[in-house]
Amino acid sequence: MDLYDKSRASLLPSFLYSSSTATRSVGLERILLSRSSSSPAAAPSPASGGAPSGSFMIQAPKEKIEMYSPAFYAACTAGGIASCGLTHMAVTPLDLVKCNMQIDPAKYKSITSGFGVLYKEQGVRGFFRGWVPTLLGYSAQGACKFGFYEFFKKYYSDLAGPEYAAKYKTLIYLAGSASAEVIADVALCPMEAVKVRVQTQPGFARGLSDGFPKFVRSEGYLGLYKGLVPLWAVKFLVNTMMKFASFETIVELLYKHAIPTPKEQCSKSFQLSVSFAGGYIAGVFCAIVSHPADNLVSFLNNAKGATVGDAVKKLGLWGLFTRGLPLRIVMIGTLTGAQWGIYDAFKVMVGLPTTGGIAPAAAPAPAPELAQLKASS
């Protein structure tokens with residue numbers, strides 16, 4: 001076992017692997033025999049399977065997860081947690097400036113001045129205000145988003161059948177990602193509401209521990225889901241549909257037209273660089289199409305009793321589409337690239353292939369005469 005296999009076996013929980021019928025012997029006699037090379041007669045006999053008498057046997061784990069098994073979906077869920085939770089937490093300072101630019105553009109006029117205002121008023125610690133609800137909320141969202149995407153993609157492909165699944169693969173990507181995001185947003189919404197209030201109202205709370213109960217006392221538990229409809233309608237539903245469908249399409253085009261070597265022959269590190277590049281490009285599209293709803297969610301979660309009409313009236317249509325957009329393009333592009341890179345790196349670490357590539361061509365339908373002959377036989 002090389003260093004990579006040892007690190008993988010030590011870091012990954014055993015439930016990600018299926019049991020194997022292969023066995024290993026770890027008897028004390030075998031350890032002693034391995035240290036001795038002077039006695040040929042001491043070697044274990046082939047008839048005994050190489051296991052000396054008196055040893056006890058343990059099962060060896062499989063080194064590869066079966067595709068679309070429960071362990072496969074568990075691995076994708078774990079990869080989604082690492083992918084979304086860690087990346088969103090890492091860009092908390094950017095998100096903090098973006099939210100304040102959306103809520104108070106007179107005070108936070110640009111990216112650089114926004115960082116300057118935050119540093120002057122709150123110091124370095126102020127840049128990471130709200131990191132706990134960010135980590136928890138987006139970890140839950142990532143688990144549902146990636147785990148259920150893989151599930152629904154397989155489910156809709158099976159419903160369509162091989163021919164139509166290959167022909168309408170983009171529609172399957174869109175439907176699978178939309179179905180997953182409906183569930184993921186329910187998991188995210190409470191933490192997102194608290195995060196925005198903590199980040200945009202100085203003095204409201206220090207973080208999640210005091211911000212969550214204070215938010216509930218003020219808005220009630222239903223208030224935690226006040227931004228759910230905008231999340232569903234545009235922000236993350238459209239964002240995720242664009243993220244997954246465009247990523248799968250971009251990666252397929254890269255392997256088909258820009259990379260001369262077939263994906264299977266490329267190194268894992270090269271495949272991961274393709275995942276990051278495809279994710280970054282997809283993230284730029286995500287940021288543009290979902291930005292109006294992002295402004296809406298920030299406005300609604302910041303102002304008690306505010307409505308969509310109030311947001312449109314104050315921000316204007318142009319402001320909804322453009323306020324904070326350059327920063328969000330940088331943030332979402334980097335985020336999406338990093339998320340796909342981390343997600344696929346986790347999949348590679350547990351023995352799964354990276355996401356995307358050239359889709360196999362659909363098998364041609366059998367001729368009517370052949371189908372009748374098979375039916376009659």
# chains A, B, ... in the order shown; residues from 1 in each chain; ligands from 1
call {"tool": "residues_around", "arguments": {"residues": "Val124 (chain A)", "least_positions_apart": "6", "cutoff": "12 Å", "atoms": "only C-alpha atoms", "output": "short mmCIF file (atom, residue, chain, number, x, y, z; two decimals) with N, CA and C atoms, in the first residue's frame"}}
result
data_model
loop_
_atom_site.label_atom_id
_atom_site.label_comp_id
_atom_site.auth_asym_id
_atom_site.auth_seq_id
_atom_site.Cartn_x
_atom_site.Cartn_y
_atom_site.Cartn_z
N PRO A 93 -15.22 37.47 4.47
CA PRO A 93 -14.98 38.91 4.33
C PRO A 93 -15.57 39.50 3.05
N PHE A 115 -14.09 47.61 2.58
CA PHE A 115 -13.15 46.98 3.49
C PHE A 115 -12.57 48.01 4.46
N GLY A 116 -12.33 49.23 3.95
CA GLY A 116 -11.80 50.27 4.83
C GLY A 116 -12.77 50.66 5.92
N VAL A 117 -14.05 50.78 5.59
CA VAL A 117 -15.07 51.13 6.59
C VAL A 117 -15.18 50.03 7.64
N LEU A 118 -15.20 48.79 7.19
CA LEU A 118 -15.31 47.68 8.13
C LEU A 118 -14.11 47.62 9.08
#
call {"tool": "closest_atom_pairs", "arguments": {"of": "region 196-305 of chain A", "to": "region 346-361 of chain A", "cutoff": "8 Å", "atoms": "only C-alpha atoms", "output": "JSON lines"}}
result
{"residue": "A:Phe247", "atom": "CA", "partner": "A:Gly356", "partner_atom": "CA", "distance": 7.9}
{"residue": "A:Glu248", "atom": "CA", "partner": "A:Gly356", "partner_atom": "CA", "distance": 5.2}
{"residue": "A:Thr249", "atom": "CA", "partner": "A:Gly356", "partner_atom": "CA", "distance": 7.9}
{"residue": "A:Val251", "atom": "CA", "partner": "A:Gly357", "partner_atom": "CA", "distance": 5.7}
{"residue": "A:Glu252", "atom": "CA", "partner": "A:Gly357", "partner_atom": "CA", "distance": 4.4}
{"residue": "A:Leu253", "atom": "CA", "partner": "A:Ile358", "partner_atom": "CA", "distance": 7.6}
{"residue": "A:Tyr255", "atom": "CA", "partner": "A:Gly357", "partner_atom": "CA", "distance": 6.3}
{"residue": "A:Lys256", "atom": "CA", "partner": "A:Ile358", "partner_atom": "CA", "distance": 6.5}
{"residue": "A:Lys263", "atom": "CA", "partner": "A:Gly357", "partner_atom": "CA", "distance": 6.9}
{"residue": "A:Lys268", "atom": "CA", "partner": "A:Val348", "partner_atom": "CA", "distance": 7.5}
{"residue": "A:Gln271", "atom": "CA", "partner": "A:Thr354", "partner_atom": "CA", "distance": 7.1}
{"residue": "A:Leu272", "atom": "CA", "partner": "A:Thr354", "partner_atom": "CA", "distance": 7.4}
{"residue": "A:Ser275", "atom": "CA", "partner": "A:Thr355", "partner_atom": "CA", "distance": 7.6}
call {"tool": "closest_residue", "arguments": {"among": "A:Ala282, A:Ile111, A:Met89, A:Leu254", "to": "Arg129 (chain A)", "atoms": "only C-alpha atoms"}}
result
A:Met89
call {"tool": "atom_distance", "arguments": {"atom1": "CA of Lys98 (chain A)", "atom2": "CA of Ala293 (chain A)"}}
result
13.6 Å
call {"tool": "residues_around", "arguments": {"residues": "region 140-150 of chain A", "least_positions_apart": "6", "cutoff": "6 Å", "atoms": "only C-alpha atoms", "output": "list in words"}}
result
Tyr73, Cys76, Thr77, Gly80, Ile81, Cys84, Gly176, Ser177, Ala180, Glu181, Ala184, Ala187 and Leu188 of chain A
call {"tool": "closest_residue", "arguments": {"among": "A:Val238, A:Ala287, A:Leu325, A:Ile342", "to": "Val182 (chain A)", "atoms": "only C-alpha atoms"}}
result
A:Val238
call {"tool": "closest_residue", "arguments": {"among": "A:Gly324, A:Leu174, A:Ser83, A:Val297", "to": "Tyr108 (chain A)", "atoms": "only C-alpha atoms"}}
result
A:Gly324
call {"tool": "select_by_dssp", "arguments": {"residues": "region 140-367 of chain A", "states": "alpha helix (DSSP H)", "output": "number ranges by chain"}}
result
A: 140-167, 169-200, 208-219, 228-230, 236-253, 268-302, 308-322, 325-349
